[in-house]
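Enquirer: Here you go, one structure.
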Amino acid sequence: MIKPFDHSRGYQGIKISTMAKKRNWTQIGLLLLFLVVFPIISYFYLKSGYDYRVDAMEELQEYGALPVPDGPTLFGDSLSDKALQKKVVLLHFIDLANPDQRDLMGKYMGEVHEQFDGVENVVFLAGFQSNDPDAVQAFLGKHKLEDPEQYFVFPQEELTGPYTFLEGGVTAKPYVMLSDTSGTIRNFYNLERGKELVRMVEHVTYLMPQEKRKAATIKPEQEL
C-alpha cells in the first residue's frame, strides 16, 4: 500500500538533505583552501621574497677596507677599539659649505639613524669638511644626529681613503659607503639617485647578524 505523502514532514526532510549536501561541499571547499590554495600562495610569496633578497645580496661587492680613524672625534672623544668591531658601518661625508649636499645628507641620514637608533650592530662614521665644532653641533642637533654611542663624527681627513669607485670625489655628492661586520666596504650609494636610500636600508638589514635584524620601515616606493 502506497503511503500518502506527509506534507508536514516530507519537504522538511528534502530541505535538510539539501542543506547537508551544501554543508559538505562547503567543508570540502574549506579543506581544499587550507590544504592546497594557501600553501601554494605561501610558497610563491616566500619564493618571491627569497629571490628579491638574493638579487639584493648580489649587488654587494668588495671595494676595500673601511678606514679606521686614528685620532679623536671632532669633539675630542676617543673611539674605543671595539666601537667598529663586528659592526655594519655607514661611512659618509658632509660638507657644511655645500648647501645641497649638506641638506640632503642631513635629511636622509637623520631618517636612517632613526631607523636603526639603538641597534648595537649598526654605527655611523661621519667625516665633516668643517673643523668648527659649534657648526657641526648645530647641524647634528637640527637633524637629530646627536648620538655619541652610535654616530661618530670626525674631521674629513681622518676618514679619507682610496675611493676610486666613487664619482667626483667623496664630498662632491651625497655618497654613503656601507661596510659589513668584517670591515669591508660592500657598496656605495648616491642619495641623489632615485631609490638608493631604500636599497641601502635593505642592504644594512641583510648584513646585520641574524638576531639583530630590524625590519626596514622606509617604504620601497619612497622617492628621493
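Scheme for the C-alpha cells: letters A, B, ... for chains in order shown; per-chain residue numbers from 1; ligand numbers from 1 in order shown.
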Using only C-alpha atoms, which residues sit within 10 Å of stretch 178-187 of chain A once same-chain residues fewer than 3 positions away are excluded, as JSON, numbers by chain?

Expert: {"A": [57, 59, 60, 61, 62, 63, 64, 65, 66, 67, 68, 84, 85, 86, 87, 88, 89, 90, 91, 92, 121, 122, 124, 165, 175, 200, 201, 203, 204, 206, 207, 208, 209]}

Enquirer: So that I can check the secondary structure, give me every residue of stretch 154-214 of chain A assigned alpha helix (DSSP H) by backbone DSSP, as a ChimeraX atom specification.

Expert: /A:196-207

Enquirer: Restricting the calculation to only C-alpha atoms, which member of A:Glu111, A:Met105, A:Val198, A:Leu79 is positioned closest to A:Lys144?

Expert: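 Using only C-alpha atoms, A:Lys144 sits closest to A:Glu111.
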
Enquirer: Using DSSP on the backbone coordinates, identify the residues of stretch 61-129 of chain A assigned to strand (DSSP E or B); present them as a list in words.

Expert: Ala65, Val88, Val89, Leu90, Leu91, His92, Phe93, Ile94, Val122, Val123, Phe124, Leu125, Ala126, Gly127 and Phe128 of chain A

Enquirer: Might you pull out every residue within 9 Å of A:Gly118, with only C-alpha atoms counted and same-chain residues fewer than 4 positions away left off, and present them as a list in words?

Expert: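 Once the nearby chain positions are removed, what remains is His113, Glu114, Val122, Glu149 and Gln150 of chain A.
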
Enquirer: Next, the residues of the selection above should be written as an mmCIF file, in the first residue's frame with C-alpha atoms.

Expert:
data_model
loop_
_atom_site.group_PDB
_atom_site.id
_atom_site.type_symbol
_atom_site.label_atom_id
_atom_site.label_comp_id
_atom_site.auth_asym_id
_atom_site.auth_seq_id
_atom_site.Cartn_x
_atom_site.Cartn_y
_atom_site.Cartn_z
ATOM 1 C CA HIS A 113 69.718 56.941 12.060
ATOM 2 C CA GLU A 114 66.166 56.989 13.378
ATOM 3 C CA VAL A 122 74.883 49.435 13.224
ATOM 4 C CA GLU A 149 77.220 55.952 21.156
ATOM 5 C CA GLN A 150 76.275 55.305 17.539
#

Enquirer: Using atom CA of A:Asn98 and atom CA of A:Glu202 as the two end points, give the distance in Å to one decimal.

Expert: 28.0 Å

Enquirer: For a test of reading the model, state the distance in Å between atom CA of A:Leu191 and atom CA of A:Tyr163, rounded to one decimal.

Expert: 16.7 Å
